[in-house]
$ cat structure24.cif   # mmCIF, C-alpha atoms and all ligand atoms; chains and numbers go by the auth columns
data_coords
loop_
_atom_site.group_PDB
_atom_site.id
_atom_site.type_symbol
_atom_site.label_atom_id
_atom_site.label_comp_id
_atom_site.label_asym_id
_atom_site.label_seq_id
_atom_site.Cartn_x
_atom_site.Cartn_y
_atom_site.Cartn_z
_atom_site.B_iso_or_equiv
_atom_site.auth_seq_id
_atom_site.auth_asym_id
ATOM 1 C CA MET A 1 -26.266 -24.907 -60.316 0.00 1 A
ATOM 2 C CA LYS A 2 -30.038 -25.013 -60.320 0.00 2 A
ATOM 3 C CA TRP A 3 -31.689 -23.393 -57.304 0.00 3 A
ATOM 4 C CA THR A 4 -34.924 -24.740 -55.886 0.00 4 A
ATOM 5 C CA HIS A 5 -37.840 -22.366 -55.336 0.00 5 A
ATOM 6 C CA SER A 6 -37.209 -22.123 -51.596 0.00 6 A
ATOM 7 C CA GLN A 7 -33.505 -21.390 -52.216 0.00 7 A
ATOM 8 C CA GLN A 8 -34.474 -18.705 -54.722 0.00 8 A
ATOM 9 C CA ASP A 9 -36.851 -17.176 -52.167 0.00 9 A
ATOM 10 C CA PHE A 10 -34.097 -17.195 -49.563 0.00 10 A
ATOM 11 C CA ILE A 11 -31.576 -15.543 -51.928 0.00 11 A
ATOM 12 C CA LYS A 12 -34.180 -12.924 -52.879 0.00 12 A
ATOM 13 C CA MET A 13 -34.820 -12.178 -49.212 0.00 13 A
ATOM 14 C CA CYS A 14 -31.048 -11.792 -48.544 0.00 14 A
ATOM 15 C CA GLU A 15 -30.739 -9.418 -51.510 0.00 15 A
ATOM 16 C CA GLU A 16 -33.672 -7.352 -50.275 0.00 16 A
ATOM 17 C CA VAL A 17 -32.135 -7.086 -46.810 0.00 17 A
ATOM 18 C CA ALA A 18 -28.728 -6.156 -48.289 0.00 18 A
ATOM 19 C CA ASN A 19 -30.310 -3.490 -50.499 0.00 19 A
ATOM 20 C CA HIS A 20 -32.221 -2.105 -47.552 0.00 20 A
ATOM 21 C CA HIS A 21 -28.928 -1.473 -45.745 0.00 21 A
ATOM 22 C CA LYS A 22 -27.045 0.048 -48.683 0.00 22 A
ATOM 23 C CA ASN A 23 -25.920 3.607 -48.032 0.00 23 A
ATOM 24 C CA THR A 24 -27.279 3.563 -44.531 0.00 24 A
ATOM 25 C CA ILE A 25 -25.228 2.980 -41.405 0.00 25 A
ATOM 26 C CA SER A 26 -21.769 1.459 -41.119 0.00 26 A
ATOM 27 C CA TYR A 27 -21.005 -0.821 -38.191 0.00 27 A
ATOM 28 C CA THR A 28 -17.618 -1.579 -36.633 0.00 28 A
ATOM 29 C CA LEU A 29 -16.885 -4.368 -34.168 0.00 29 A
ATOM 30 C CA ASP A 30 -16.105 -2.443 -30.979 0.00 30 A
ATOM 31 C CA HIS A 31 -15.624 -4.970 -28.195 0.00 31 A
ATOM 32 C CA LEU A 32 -16.382 -8.442 -26.897 0.00 32 A
ATOM 33 C CA ALA A 33 -17.536 -8.998 -23.339 0.00 33 A
ATOM 34 C CA PHE A 34 -16.931 -12.255 -21.505 0.00 34 A
ATOM 35 C CA ARG A 35 -18.460 -13.320 -18.224 0.00 35 A
ATOM 36 C CA THR A 36 -16.330 -16.058 -16.712 0.00 36 A
ATOM 37 C CA GLU A 37 -15.829 -17.913 -13.464 0.00 37 A
ATOM 38 C CA ASN A 38 -12.315 -16.611 -12.867 0.00 38 A
ATOM 39 C CA ARG A 39 -11.606 -13.226 -14.381 0.00 39 A
ATOM 40 C CA ASN A 40 -7.890 -13.302 -13.580 0.00 40 A
ATOM 41 C CA GLU A 41 -7.378 -16.589 -15.393 0.00 41 A
ATOM 42 C CA SER A 42 -9.266 -15.260 -18.432 0.00 42 A
ATOM 43 C CA VAL A 43 -7.208 -12.083 -18.505 0.00 43 A
ATOM 44 C CA GLU A 44 -3.966 -14.007 -18.143 0.00 44 A
ATOM 45 C CA LEU A 45 -4.833 -16.305 -21.035 0.00 45 A
ATOM 46 C CA LEU A 46 -5.891 -13.449 -23.334 0.00 46 A
ATOM 47 C CA SER A 47 -2.615 -11.702 -22.531 0.00 47 A
ATOM 48 C CA LYS A 48 -0.623 -14.810 -23.401 0.00 48 A
ATOM 49 C CA LEU A 49 -2.560 -15.639 -26.567 0.00 49 A
ATOM 50 C CA PHE A 50 -3.031 -12.197 -28.107 0.00 50 A
ATOM 51 C CA ASP A 51 -0.871 -9.835 -26.080 0.00 51 A
ATOM 52 C CA TYR A 52 -3.821 -8.002 -24.548 0.00 52 A
ATOM 53 C CA SER A 53 -3.029 -5.697 -21.644 0.00 53 A
ATOM 54 C CA VAL A 54 -5.206 -4.497 -18.774 0.00 54 A
ATOM 55 C CA GLN A 55 -6.350 -0.949 -19.401 0.00 55 A
ATOM 56 C CA GLU A 56 -8.380 -0.673 -16.211 0.00 56 A
ATOM 57 C CA GLU A 57 -10.063 -2.772 -13.564 0.00 57 A
ATOM 58 C CA PHE A 58 -13.228 -1.620 -11.839 0.00 58 A
ATOM 59 C CA LEU A 59 -16.173 -2.642 -9.664 0.00 59 A
ATOM 60 C CA PRO A 60 -19.328 -1.298 -11.351 0.00 60 A
ATOM 61 C CA PHE A 61 -21.482 -1.652 -8.223 0.00 61 A
ATOM 62 C CA ALA A 62 -18.917 -0.472 -5.659 0.00 62 A
ATOM 63 C CA ASP A 63 -20.803 2.774 -4.907 0.00 63 A
ATOM 64 C CA SER A 64 -24.303 1.394 -5.013 0.00 64 A
ATOM 65 C CA SER A 65 -26.484 -0.128 -2.330 0.00 65 A
ATOM 66 C CA ASN A 66 -26.894 -3.219 -4.487 0.00 66 A
ATOM 67 C CA LYS A 67 -25.259 -5.663 -2.083 0.00 67 A
ATOM 68 C CA ASP A 68 -25.760 -8.759 -4.244 0.00 68 A
ATOM 69 C CA ASN A 69 -23.585 -7.247 -6.948 0.00 69 A
ATOM 70 C CA ILE A 70 -21.006 -5.445 -4.876 0.00 70 A
ATOM 71 C CA ASP A 71 -18.251 -7.973 -5.674 0.00 71 A
ATOM 72 C CA ILE A 72 -18.652 -7.949 -9.451 0.00 72 A
ATOM 73 C CA THR A 73 -15.320 -7.047 -10.989 0.00 73 A
ATOM 74 C CA CYS A 74 -14.542 -6.075 -14.578 0.00 74 A
ATOM 75 C CA ALA A 75 -11.349 -5.722 -16.532 0.00 75 A
ATOM 76 C CA ALA A 76 -11.089 -3.650 -19.691 0.00 76 A
ATOM 77 C CA LEU A 77 -8.373 -5.074 -21.943 0.00 77 A
ATOM 78 C CA SER A 78 -6.643 -3.277 -24.785 0.00 78 A
ATOM 79 C CA PRO A 79 -5.263 -5.110 -27.815 0.00 79 A
ATOM 80 C CA PRO A 80 -1.671 -4.481 -28.893 0.00 80 A
ATOM 81 C CA VAL A 81 -1.092 -1.159 -30.669 0.00 81 A
ATOM 82 C CA ASP A 82 -1.650 -1.418 -34.453 0.00 82 A
ATOM 83 C CA SER A 83 -3.739 -4.520 -33.969 0.00 83 A
ATOM 84 C CA ASN A 84 -7.141 -4.893 -35.589 0.00 84 A
ATOM 85 C CA MET A 85 -8.443 -6.832 -32.621 0.00 85 A
ATOM 86 C CA PRO A 86 -11.352 -5.369 -30.637 0.00 86 A
ATOM 87 C CA GLU A 87 -11.241 -4.340 -26.984 0.00 87 A
ATOM 88 C CA ILE A 88 -12.269 -7.080 -24.592 0.00 88 A
ATOM 89 C CA PHE A 89 -14.108 -6.839 -21.274 0.00 89 A
ATOM 90 C CA VAL A 90 -14.054 -9.675 -18.786 0.00 90 A
ATOM 91 C CA SER A 91 -16.332 -9.814 -15.735 0.00 91 A
ATOM 92 C CA SER A 92 -16.710 -12.220 -12.849 0.00 92 A
ATOM 93 C CA GLY A 93 -19.080 -12.119 -9.919 0.00 93 A
ATOM 94 C CA ASN A 94 -19.926 -13.774 -6.665 0.00 94 A
ATOM 95 C CA TRP A 95 -22.777 -16.184 -6.087 0.00 95 A
ATOM 96 C CA ARG A 96 -26.198 -14.465 -6.457 0.00 96 A
ATOM 97 C CA SER A 97 -24.761 -11.579 -8.449 0.00 97 A
ATOM 98 C CA ILE A 98 -25.991 -10.833 -11.977 0.00 98 A
ATOM 99 C CA VAL A 99 -22.701 -12.014 -13.445 0.00 99 A
ATOM 100 C CA GLY A 100 -22.237 -14.961 -11.077 0.00 100 A
ATOM 101 C CA ASP A 101 -25.720 -16.309 -11.829 0.00 101 A
ATOM 102 C CA TRP A 102 -25.209 -15.946 -15.568 0.00 102 A
ATOM 103 C CA VAL A 103 -21.953 -17.930 -15.359 0.00 103 A
ATOM 104 C CA LYS A 104 -23.563 -20.547 -13.122 0.00 104 A
ATOM 105 C CA ASN A 105 -26.329 -21.068 -15.671 0.00 105 A
ATOM 106 C CA ARG A 106 -23.684 -21.766 -18.308 0.00 106 A
ATOM 107 C CA LYS A 107 -22.145 -24.797 -16.701 0.00 107 A
ATOM 108 C CA ASP A 108 -20.042 -22.653 -14.348 0.00 108 A
ATOM 109 C CA VAL A 109 -17.722 -21.551 -17.157 0.00 109 A
ATOM 110 C CA GLY A 110 -19.673 -18.652 -18.705 0.00 110 A
ATOM 111 C CA GLY A 111 -18.854 -17.446 -22.186 0.00 111 A
ATOM 112 C CA ILE A 112 -19.191 -14.451 -24.468 0.00 112 A
ATOM 113 C CA HIS A 113 -22.039 -12.426 -22.992 0.00 113 A
ATOM 114 C CA HIS A 114 -22.279 -9.835 -25.760 0.00 114 A
ATOM 115 C CA ILE A 115 -20.556 -8.307 -28.740 0.00 115 A
ATOM 116 C CA ALA A 116 -20.661 -4.551 -29.243 0.00 116 A
ATOM 117 C CA VAL A 117 -20.965 -2.778 -32.576 0.00 117 A
ATOM 118 C CA LYS A 118 -19.975 0.853 -32.894 0.00 118 A
ATOM 119 C CA ILE A 119 -22.125 3.230 -34.889 0.00 119 A
ATOM 120 C CA PRO A 120 -21.817 6.921 -35.832 0.00 120 A
ATOM 121 C CA ALA A 121 -22.879 9.476 -33.200 0.00 121 A
ATOM 122 C CA GLY A 122 -26.579 10.283 -33.151 0.00 122 A
ATOM 123 C CA THR A 123 -27.797 7.174 -34.970 0.00 123 A
ATOM 124 C CA ILE A 124 -28.732 4.828 -32.121 0.00 124 A
ATOM 125 C CA GLU A 125 -32.478 5.600 -32.150 0.00 125 A
ATOM 126 C CA GLU A 126 -32.656 5.131 -35.920 0.00 126 A
ATOM 127 C CA ILE A 127 -30.968 1.729 -35.634 0.00 127 A
ATOM 128 C CA MET A 128 -33.273 0.685 -32.810 0.00 128 A
ATOM 129 C CA GLU A 129 -36.272 1.447 -35.010 0.00 129 A
ATOM 130 C CA GLN A 130 -34.746 -0.526 -37.905 0.00 130 A
ATOM 131 C CA TRP A 131 -33.919 -3.517 -35.742 0.00 131 A
ATOM 132 C CA LYS A 132 -37.366 -3.559 -34.133 0.00 132 A
ATOM 133 C CA GLN A 133 -38.735 -4.268 -37.615 0.00 133 A
ATOM 134 C CA TYR A 134 -36.765 -7.541 -37.441 0.00 134 A
ATOM 135 C CA ASP A 135 -38.316 -8.332 -34.041 0.00 135 A
ATOM 136 C CA ILE A 136 -35.162 -7.467 -32.115 0.00 136 A
ATOM 137 C CA GLU A 137 -36.030 -6.326 -28.583 0.00 137 A
ATOM 138 C CA PHE A 138 -33.974 -4.143 -26.244 0.00 138 A
ATOM 139 C CA THR A 139 -33.399 -4.438 -22.505 0.00 139 A
ATOM 140 C CA THR A 140 -34.074 -0.742 -21.898 0.00 140 A
ATOM 141 C CA GLU A 141 -36.470 1.649 -23.570 0.00 141 A
ATOM 142 C CA LYS A 142 -33.800 4.292 -24.176 0.00 142 A
ATOM 143 C CA PRO A 143 -30.004 4.267 -24.633 0.00 143 A
ATOM 144 C CA ILE A 144 -27.937 4.484 -21.446 0.00 144 A
ATOM 145 C CA VAL A 145 -25.938 7.676 -21.079 0.00 145 A
ATOM 146 C CA CYS A 146 -22.879 8.007 -18.806 0.00 146 A
ATOM 147 C CA GLU A 147 -23.726 9.757 -15.502 0.00 147 A
ATOM 148 C CA GLU A 148 -20.170 10.746 -14.628 0.00 148 A
ATOM 149 C CA ASP A 149 -19.164 12.337 -17.871 0.00 149 A
ATOM 150 C CA ASP A 150 -21.507 13.003 -20.754 0.00 150 A
ATOM 151 C CA ASP A 151 -19.059 12.962 -23.633 0.00 151 A
ATOM 152 C CA GLY A 152 -21.284 11.190 -26.111 0.00 152 A
ATOM 153 C CA LEU A 153 -21.022 7.609 -24.850 0.00 153 A
ATOM 154 C CA ARG A 154 -24.441 5.982 -25.386 0.00 154 A
ATOM 155 C CA GLN A 155 -25.159 2.263 -25.204 0.00 155 A
ATOM 156 C CA ILE A 156 -28.056 -0.142 -25.429 0.00 156 A
ATOM 157 C CA PHE A 157 -28.371 -3.929 -25.175 0.00 157 A
ATOM 158 C CA THR A 158 -30.620 -6.121 -27.268 0.00 158 A
ATOM 159 C CA LYS A 159 -32.336 -8.960 -25.487 0.00 159 A
ATOM 160 C CA GLU A 160 -30.987 -12.437 -26.236 0.00 160 A
ATOM 161 C CA ILE A 161 -31.320 -13.167 -29.962 0.00 161 A
ATOM 162 C CA PRO A 162 -32.379 -16.805 -30.528 0.00 162 A
ATOM 163 C CA GLN A 163 -31.226 -16.876 -34.178 0.00 163 A
ATOM 164 C CA LEU A 164 -27.709 -16.067 -32.902 0.00 164 A
ATOM 165 C CA GLY A 165 -27.625 -18.649 -30.144 0.00 165 A
ATOM 166 C CA ASN A 166 -29.065 -16.150 -27.634 0.00 166 A
ATOM 167 C CA LEU A 167 -26.200 -13.715 -28.106 0.00 167 A
ATOM 168 C CA ILE A 168 -26.805 -10.156 -26.930 0.00 168 A
ATOM 169 C CA ILE A 169 -25.647 -7.292 -29.156 0.00 169 A
ATOM 170 C CA GLU A 170 -24.670 -3.955 -27.674 0.00 170 A
ATOM 171 C CA ILE A 171 -25.006 -0.904 -29.885 0.00 171 A
ATOM 172 C CA ILE A 172 -22.537 1.772 -28.845 0.00 172 A
ATOM 173 C CA GLU A 173 -21.888 5.398 -29.728 0.00 173 A
ATOM 174 C CA ARG A 174 -18.454 6.250 -28.444 0.00 174 A
ATOM 175 C CA GLY A 175 -17.247 9.409 -26.842 0.00 175 A
ATOM 176 C CA GLU A 176 -13.626 9.988 -25.960 0.00 176 A
ATOM 177 C CA HIS A 177 -13.718 7.599 -23.008 0.00 177 A
ATOM 178 C CA GLY A 178 -13.579 3.882 -23.495 0.00 178 A
ATOM 179 C CA PHE A 179 -16.250 3.041 -20.993 0.00 179 A
ATOM 180 C CA CYS A 180 -18.240 4.352 -18.057 0.00 180 A
ATOM 181 C CA SER A 181 -18.534 2.396 -14.811 0.00 181 A
ATOM 182 C CA SER A 182 -22.105 3.522 -13.948 0.00 182 A
ATOM 183 C CA SER A 183 -23.297 2.679 -17.464 0.00 183 A
ATOM 184 C CA VAL A 184 -21.761 -0.797 -17.133 0.00 184 A
ATOM 185 C CA ALA A 185 -23.756 -1.255 -13.894 0.00 185 A
ATOM 186 C CA LYS A 186 -26.996 -0.103 -15.551 0.00 186 A
ATOM 187 C CA LEU A 187 -26.439 -2.334 -18.575 0.00 187 A
ATOM 188 C CA MET A 188 -25.730 -5.301 -16.314 0.00 188 A
ATOM 189 C CA GLU A 189 -28.884 -4.604 -14.319 0.00 189 A
ATOM 190 C CA SER A 190 -30.897 -4.480 -17.518 0.00 190 A
ATOM 191 C CA THR A 191 -29.846 -8.073 -18.292 0.00 191 A
ATOM 192 C CA LYS A 192 -31.169 -9.400 -14.989 0.00 192 A
ATOM 193 C CA LYS A 193 -34.134 -11.688 -15.530 0.00 193 A
HETATM 194 FE FE FE B . -20.166 -3.916 -23.645 0.00 1 B
#
$ encode --input "structure24.cif" --output "structure tokens"
Amino acid sequence: MKWTHSQQDFIKMCEEVANHHKNTISYTLDHLAFRTENRNESVELLSKLFDYSVQEEFLPFADSSNKDNIDITCAALSPPVDSNMPEIFVSSGNWRSIVGDWVKNRKDVGGIHHIAVKIPAGTIEEIMEQWKQYDIEFTTEKPIVCEEDDDGLRQIFTKEIPQLGNLIIEIIERGEHGFCSSSVAKLMESTKK
């Protein structure tokens, strides 16, 4: 096959990007997060399709004075043991809440709000610097650390990435705990426009 000049330029650019990442940081798909109109229906379907089970349900804004978001509910779902599937989070929210508005703006059905990639402990700032070179922006200046229990869980959201259909990517350094309710609230607040 004969490549045109623009195809050759594109291939060269891909090779340069691939080389740049060699021997640097390894990423693992950690979880997917849906925001949907009816959390229970989403959870039920994921259980039927893939045998997911509810690990925990929580209200990230239950203790805050943020009345608009008080009814946001989240479910953390675990895949079957020995599965290679990622964890899944599903959130729903009332009218005027961060989650409810997001769903409303997506034809009242919502969708995948973000995917999360896990990275080795202590590398989040380095990755942020790398990604900024590719014009990726973040919703907070610094990673969010769990208030309740500082066991190494650190997270940050990118802003919507147009080249990926406005998907948000979460970068996560995991501690022992799967998630942290106050961090979920802060991350959600950071996505409010
Ligand atoms: Fe997440």
$ resolve_selection --input "structure24.cif" --expression "the PyMOL selection byres (((chain A and resi 157-172) around 7) and not hetatm)" --output "number ranges by chain"
A: 113-119, 136-139, 154-156, 173-174
$ atom_distance --input "structure24.cif" --atom1 "atom CA of A:Lys12" --atom2 "atom CA of A:Glu126"
24.8 Å
$ closest_residue --input "structure24.cif" --among "A:Ala121, A:Val109, A:Ile127, A:Leu32" --to "A:Ala75" --atoms "all atoms listed in the file"
A:Leu32
$ residues_around --input "structure24.cif" --residues "A:Ser97" --least-positions-apart "4" --cutoff "9 Å" --atoms "all atoms listed in the file" --output "list in words"
Lys67, Asp68, Asn69, Ile70, Asp71, Ile72, Gly93, Asp101 and Trp102 of chain A
$ atom_distance --input "structure24.cif" --atom1 "atom CA of A:Ser91" --atom2 "atom CA of A:Cys180"
14.5 Å
$ resolve_selection --input "structure24.cif" --expression "the PyMOL selection byres (((chain A and resi 76) around 10) and not hetatm)" --output "short mmCIF file (atom, residue, chain, number, x, y, z; two decimals) with C-alpha atoms, keeping the file's coordinate frame"
data_model
loop_
_atom_site.label_atom_id
_atom_site.label_comp_id
_atom_site.auth_asym_id
_atom_site.auth_seq_id
_atom_site.Cartn_x
_atom_site.Cartn_y
_atom_site.Cartn_z
CA HIS A 31 -15.62 -4.97 -28.20
CA ALA A 33 -17.54 -9.00 -23.34
CA VAL A 43 -7.21 -12.08 -18.50
CA TYR A 52 -3.82 -8.00 -24.55
CA SER A 53 -3.03 -5.70 -21.64
CA VAL A 54 -5.21 -4.50 -18.77
CA GLN A 55 -6.35 -0.95 -19.40
CA GLU A 56 -8.38 -0.67 -16.21
CA GLU A 57 -10.06 -2.77 -13.56
CA PHE A 58 -13.23 -1.62 -11.84
CA CYS A 74 -14.54 -6.08 -14.58
CA ALA A 75 -11.35 -5.72 -16.53
CA LEU A 77 -8.37 -5.07 -21.94
CA SER A 78 -6.64 -3.28 -24.78
CA GLU A 87 -11.24 -4.34 -26.98
CA ILE A 88 -12.27 -7.08 -24.59
CA PHE A 89 -14.11 -6.84 -21.27
CA VAL A 90 -14.05 -9.68 -18.79
CA SER A 91 -16.33 -9.81 -15.74
CA GLY A 178 -13.58 3.88 -23.50
CA PHE A 179 -16.25 3.04 -20.99
#
$ axis_aligned_box --input "structure24.cif" --around "stretch 66-76 of chain A" --padding-each-side "5 Å" --output "lines of an AutoDock Vina configuration file"
center_x = -19.0
center_y = -6.0
center_z = -10.9
size_x = 25.8
size_y = 15.5
size_z = 27.6
$ closest_residue --input "structure24.cif" --among "A:Arg39, A:Lys132, A:Lys186, A:Lys107" --to "ligand FE 1 (chain B)" --atoms "all atoms listed in the file"
A:Lys186
$ closest_residue --input "structure24.cif" --among "A:Glu189, A:Glu41, A:Asp30, A:Asp151" --to "ligand FE 1 (chain B)" --atoms "all atoms listed in the file"
A:Asp30
$ residues_near_point --input "structure24.cif" --point "(-34.7, 5.3, -24.7)" --cutoff "10 Å" --atoms "only C-alpha atoms" --output "PyMOL selection string"
chain A and resi 124-125+128+138+140-145+156
$ write_last_selection --input "structure24.cif" --atoms "C-alpha atoms" --output "short mmCIF file (atom, residue, chain, number, x, y, z; two decimals), keeping the file's coordinate frame"
data_model
loop_
_atom_site.label_atom_id
_atom_site.label_comp_id
_atom_site.auth_asym_id
_atom_site.auth_seq_id
_atom_site.Cartn_x
_atom_site.Cartn_y
_atom_site.Cartn_z
CA ILE A 124 -28.73 4.83 -32.12
CA GLU A 125 -32.48 5.60 -32.15
CA MET A 128 -33.27 0.68 -32.81
CA PHE A 138 -33.97 -4.14 -26.24
CA THR A 140 -34.07 -0.74 -21.90
CA GLU A 141 -36.47 1.65 -23.57
CA LYS A 142 -33.80 4.29 -24.18
CA PRO A 143 -30.00 4.27 -24.63
CA ILE A 144 -27.94 4.48 -21.45
CA VAL A 145 -25.94 7.68 -21.08
CA ILE A 156 -28.06 -0.14 -25.43
#
$ resolve_selection --input "structure24.cif" --expression "the PyMOL selection byres (((chain A and resi 104) around 12) and not hetatm)" --output "ChimeraX atom specification"
/A:35-38,92-103,105-111
$ write_last_selection --input "structure24.cif" --atoms "C-alpha atoms" --output "PDB file, in the coordinates of the input"
ATOM      1  CA  ARG A  35     -18.460 -13.320 -18.224  1.00  0.00           C
ATOM      2  CA  THR A  36     -16.330 -16.058 -16.712  1.00  0.00           C
ATOM      3  CA  GLU A  37     -15.829 -17.913 -13.464  1.00  0.00           C
ATOM      4  CA  ASN A  38     -12.315 -16.611 -12.867  1.00  0.00           C
ATOM      5  CA  SER A  92     -16.710 -12.220 -12.849  1.00  0.00           C
ATOM      6  CA  GLY A  93     -19.080 -12.119  -9.919  1.00  0.00           C
ATOM      7  CA  ASN A  94     -19.926 -13.774  -6.665  1.00  0.00           C
ATOM      8  CA  TRP A  95     -22.777 -16.184  -6.087  1.00  0.00           C
ATOM      9  CA  ARG A  96     -26.198 -14.465  -6.457  1.00  0.00           C
ATOM     10  CA  SER A  97     -24.761 -11.579  -8.449  1.00  0.00           C
ATOM     11  CA  ILE A  98     -25.991 -10.833 -11.977  1.00  0.00           C
ATOM     12  CA  VAL A  99     -22.701 -12.014 -13.445  1.00  0.00           C
ATOM     13  CA  GLY A 100     -22.237 -14.961 -11.077  1.00  0.00           C
ATOM     14  CA  ASP A 101     -25.720 -16.309 -11.829  1.00  0.00           C
ATOM     15  CA  TRP A 102     -25.209 -15.946 -15.568  1.00  0.00           C
ATOM     16  CA  VAL A 103     -21.953 -17.930 -15.359  1.00  0.00           C
ATOM     17  CA  ASN A 105     -26.329 -21.068 -15.671  1.00  0.00           C
ATOM     18  CA  ARG A 106     -23.684 -21.766 -18.308  1.00  0.00           C
ATOM     19  CA  LYS A 107     -22.145 -24.797 -16.701  1.00  0.00           C
ATOM     20  CA  ASP A 108     -20.042 -22.653 -14.348  1.00  0.00           C
ATOM     21  CA  VAL A 109     -17.722 -21.551 -17.157  1.00  0.00           C
ATOM     22  CA  GLY A 110     -19.673 -18.652 -18.705  1.00  0.00           C
ATOM     23  CA  GLY A 111     -18.854 -17.446 -22.186  1.00  0.00           C
TER      24      GLY A 111
END
$ closest_residue --input "structure24.cif" --among "A:Tyr27, A:Pro80, A:Ala185, A:Lys192" --to "ligand FE 1 (chain B)" --atoms "all atoms listed in the file"
A:Ala185
$ atom_distance --input "structure24.cif" --atom1 "atom CA of A:Thr191" --atom2 "atom FE of ligand FE 1 (chain B)"
11.8 Å
$ closest_residue --input "structure24.cif" --among "A:Leu29, A:Met85, A:Leu49, A:Ala18" --to "ligand FE 1 (chain B)" --atoms "all atoms listed in the file"
A:Leu29
$ closest_residue --input "structure24.cif" --among "A:Ile25, A:Phe34, A:Cys14, A:Ser190" --to "ligand FE 1 (chain B)" --atoms "all atoms listed in the file"
A:Phe34
